[in-house]
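Student: The structure's right below; bear with me while I get my questions together.
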Amino acid sequence: MATHSVVHRLIAGCLFFGVCVAQAGASEEENGLFDMSLEDLMTVEIDMVYSASKHAQKVSEAPSSVTIITAEEIRKYGYRTLAEVLRSVPGFYINNDRNYDYLGIRGFRRPGDYDTRTLLLVDGHRINENVGDSPVFGMQLVVDVDLIERVEIVRGPGSSLYGSNALLAVVNVITKNGKTLNGLEVSGEVASFDTQKGRISYGEVFDNGLNLLVSATKGDGDGPQLYFEEFDDPATANGLVRNDDSDFHNLFLRASFGDFGLIAAHTAAEKGIPAAPWGTVFGDRRTRVYDDTTLLGLTYERKISDKLSVKAQTAYHGYDYDGRYVYDYSEDETPYIVVNKDFYKGKWWDSELQVTARPFEGHIVTAGGEFRYNARQDQANWDEEVYLDDSRHSKNWGLYIQDEFRVLDDVTLVAGVRYDRYDTFGGSTNPRLAMIYKISEDTALKLLYGRAFRAPSAYELYYHDGGYSQKAPLDLDPETIDTYEIVLERAFTANLNATLSGFYYAMDDLVGQYTDPNDGLLVFRNIEEVEARGVELALGGRWENGLRARTSYSYVEAEDSVTDKRLVNSPRHLAKLNVIAPLLKDTLFAGLEIQYNGQSGTLAGDHADDFILTNLALTYTSPSKQLEIAAGLYNLFDVDYAYPGAGEHVQDQIEQDGRTFRIKLTYRF
């Protein structure tokens, strides 16, 4: 497939589509107040965002480039995981190593990295765990994708408000509540590879004001039979393997009463690993991982006056990872099979107090403090002997303030800064500056600068295997990023809007593994620097008849500043087209998604070919709104494609699924 011709055709088609749909639809008016809570925000149209400044504001007034994906889009495009939701966002792309889903943003996705440079929130609570500092975007997510009301994606550095991990983006998953559900809902689905999923949810607002949602989900699947040519030998089943099975369950509760809100969630997941990473025995079904996540969060939010509101939240988090890896330790032809166990356990508490004030018209001040206590940061690895048994605890805190000041009727200045203090390395100060110029009622220009950091994780600081291949570093500094961005946002009509962004970022002191020549052992060091520059163009529209559309194109050049080489796993071109079209008024909708992913370099110096994925979903809702039937075809044209492998893989590229299907039935009582 010729990359340039495909890109040109797809971009031309997207732009032509945007011009055509600009003529359709009728106007929609949307307004919002600065002191809206997350609860209130869920009832307004999608040009409002909370996560960019920790208070509700119009997207055009946010000091960031923002994308919002709604529950309606999640349903009508047939998205099955948060990873699929994020894959549709401009500048974002996904990898999968047949174990976990990973997120690439604006040309940055390091093979073997665990997405530690993206901060994931659920209802404002930090989800990145406290050992590896990684989020999860697949079935391991602490909330079922069917319970997501909206996903707010804030691109660029977010440390001035959120602290560590917010280098490339902040993703806030806002969940549904009892009022949204308003009754009993049951859902069941079947899909390719003997996959099933069932969910039962109940939501209600009681007479005493209690707003309650409770839900339980169970799912499993056998996974496909896979072929890996690297293992094409009679001794390894000619490269065929069936160890891609999965199983998970989720329990979720969200409640609010007066000024108080509660979220309680638990997810346990099990996944087979068919790719035989880290030299494990190919095809042994005992090689698998278990993930167990718990969130218990309490929020108090009160509007004290028209000019002052306060928010306090505290949460308990738990995350257990249990990996089972089967090795053959034999030194001759007689197998000597051993199950190696890799384990870590994280337990932590965090609390935050935030005050939002509007002392006078056109002036908003947000200030707060955050404290986190890591009660357990335990890591262990053993089989016939113990290679690692490390237990830690630590704490960190941060203070932040942001001032938004409308200096002229059409010019707003934003300045913010946060200071964080860690037991492990000391302090980090991260500012944000923005100027938002409202050129006209329809057009806004944003000039943005921000710095963000990532604290070294407990895994990077303390993991070792007893001196066999990896040792712990003596110390590590935090990673940093400086990002400069210019954003032009234009509303062509009440229904159609466009965003054009140009950005440059420089990442310093990136933590990476290198081999110490003194002893030949792998060790983490601050050894890498990255620079990237690119542009993003997005068009979006929605109309009263149910038609929804968005299209985007992204181009990025990301390279290692030391070697001047293009980054591995960094596609230059991403192009996307999403359309929800009403086939029968208010009852039958088609959701079409076309995604182009450009060529990506691999660790072996080769490249993963570019590809186009097409997904098609049909959604029928009965006139009573009680019954919903959905069907989806994913990778409609059965395209062969692969993602770059990581250092632990024998495979330079990991093949992905061909055409698959899903049928889903939901009934609301």
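Residues in the structure tokens are numbered from 1 in each chain, the chains being A, B, ... in the order shown, and ligands are numbered from 1 in the order shown.
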Quick one: residues within 8 Å of range 503-511 of chain A, only C-alpha atoms, excluding same-chain residues fewer than 4 positions away - as a VMD selection string?

Tutor: chain A and resid 456 476 to 486 524 to 535

Student: For Leu308 in chain A, work out the shell of residues within 8 Å, counting only C-alpha atoms and skipping chain neighbours fewer than 2 positions away, then give it as a list in words.

Tutor: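 So the residues in contact are Lys303, Ile304, Ser305, Asp306, Val310, Val355, Thr356, Ala357 and Arg358 of chain A.
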
Student: Quick check for you: according to DSSP on this backbone, which residues of range 335-561 of chain A are classed as strand (DSSP E or B)? Reply as a PyMOL selection string.

Tutor: chain A and resi 337-357+363-382+386-390+394-408+411-422+426-438+443-454+470+479-491+496-515+522-542+548-560

Student: Excluding Gln651 in chain A and its own-chain neighbours fewer than 3 positions away, which residues fall within 9 Å of it when counting only C-alpha atoms? Please give them as a compact mmCIF listing (two decimals) with N, CA and C atoms, in the first residue's frame.

Tutor:
```
# COMPACT_ATOMS: atom_id res chain seq x y z
N PHE A 228 2.54 -17.57 14.91
CA PHE A 228 3.75 -16.75 14.98
C PHE A 228 4.85 -17.46 14.20
N GLU A 229 5.25 -16.86 13.09
CA GLU A 229 6.22 -17.52 12.23
C GLU A 229 7.56 -17.72 12.92
N GLU A 230 7.87 -16.92 13.93
CA GLU A 230 9.12 -17.08 14.65
C GLU A 230 9.20 -18.41 15.40
N ALA A 275 2.19 -14.69 23.16
CA ALA A 275 3.37 -14.30 22.38
C ALA A 275 4.69 -14.80 22.95
N PRO A 277 6.61 -13.90 25.68
CA PRO A 277 7.61 -12.87 25.95
C PRO A 277 8.63 -13.33 26.98
N PRO A 644 4.37 -2.83 16.28
CA PRO A 644 5.75 -3.16 16.64
C PRO A 644 5.81 -3.90 17.98
N GLY A 645 6.66 -4.91 18.06
CA GLY A 645 6.87 -5.62 19.30
C GLY A 645 7.81 -4.86 20.21
N ALA A 646 7.91 -5.33 21.44
CA ALA A 646 8.79 -4.71 22.43
C ALA A 646 10.04 -5.57 22.61
N GLU A 648 10.96 -7.47 24.93
CA GLU A 648 10.77 -8.80 25.52
C GLU A 648 10.26 -9.82 24.52
N ILE A 654 3.74 -7.73 16.20
CA ILE A 654 2.69 -8.56 16.80
C ILE A 654 1.44 -8.45 15.95
```

Student: Within 6 Å of Asp291 in chain A, counting only C-alpha atoms, which residues qualify if same-chain residues fewer than 6 places away don't, as a tab-separated table (two decimals) with N, CA and C atoms, in the first residue's frame?

Tutor:
```
chain	number	residue	atom	x	y	z
A	268	ALA	N	-11.43	-7.44	38.59
A	268	ALA	CA	-10.44	-8.51	38.57
A	268	ALA	C	-10.40	-9.10	37.17
A	269	ALA	N	-9.20	-9.23	36.61
A	269	ALA	CA	-9.06	-9.70	35.23
A	269	ALA	C	-7.94	-10.72	35.14
A	320	ASP	N	-3.20	-5.07	42.56
A	320	ASP	CA	-2.35	-6.26	42.65
A	320	ASP	C	-2.10	-6.79	41.25
A	321	TYR	N	-0.83	-7.05	40.97
A	321	TYR	CA	-0.43	-7.67	39.70
A	321	TYR	C	0.23	-9.00	40.03
```

Student: Can you pull out the residues contacting Phe282 in chain A? Cut-off 8 Å, using only C-alpha atoms, and skip same-chain residues under 4 positions away; I want them as a list in words.

Tutor: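 In the requested format, the answer is Phe231, Thr236, Val241, Pro274, Ala275 and Ala276 of chain A.
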
Student: Using only C-alpha atoms for the distances, tell me which of A:Arg418, A:Lys625, A:His649, A:Lys218 is nearest to Thr602 in chain A.

Tutor: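 Of the candidates, the smallest distance to Thr602 in chain A is held by A:His649.
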
Student: How many Å separate CA of Leu618 in chain A from CA of Glu149 in chain A?

Tutor: 20.0 Å
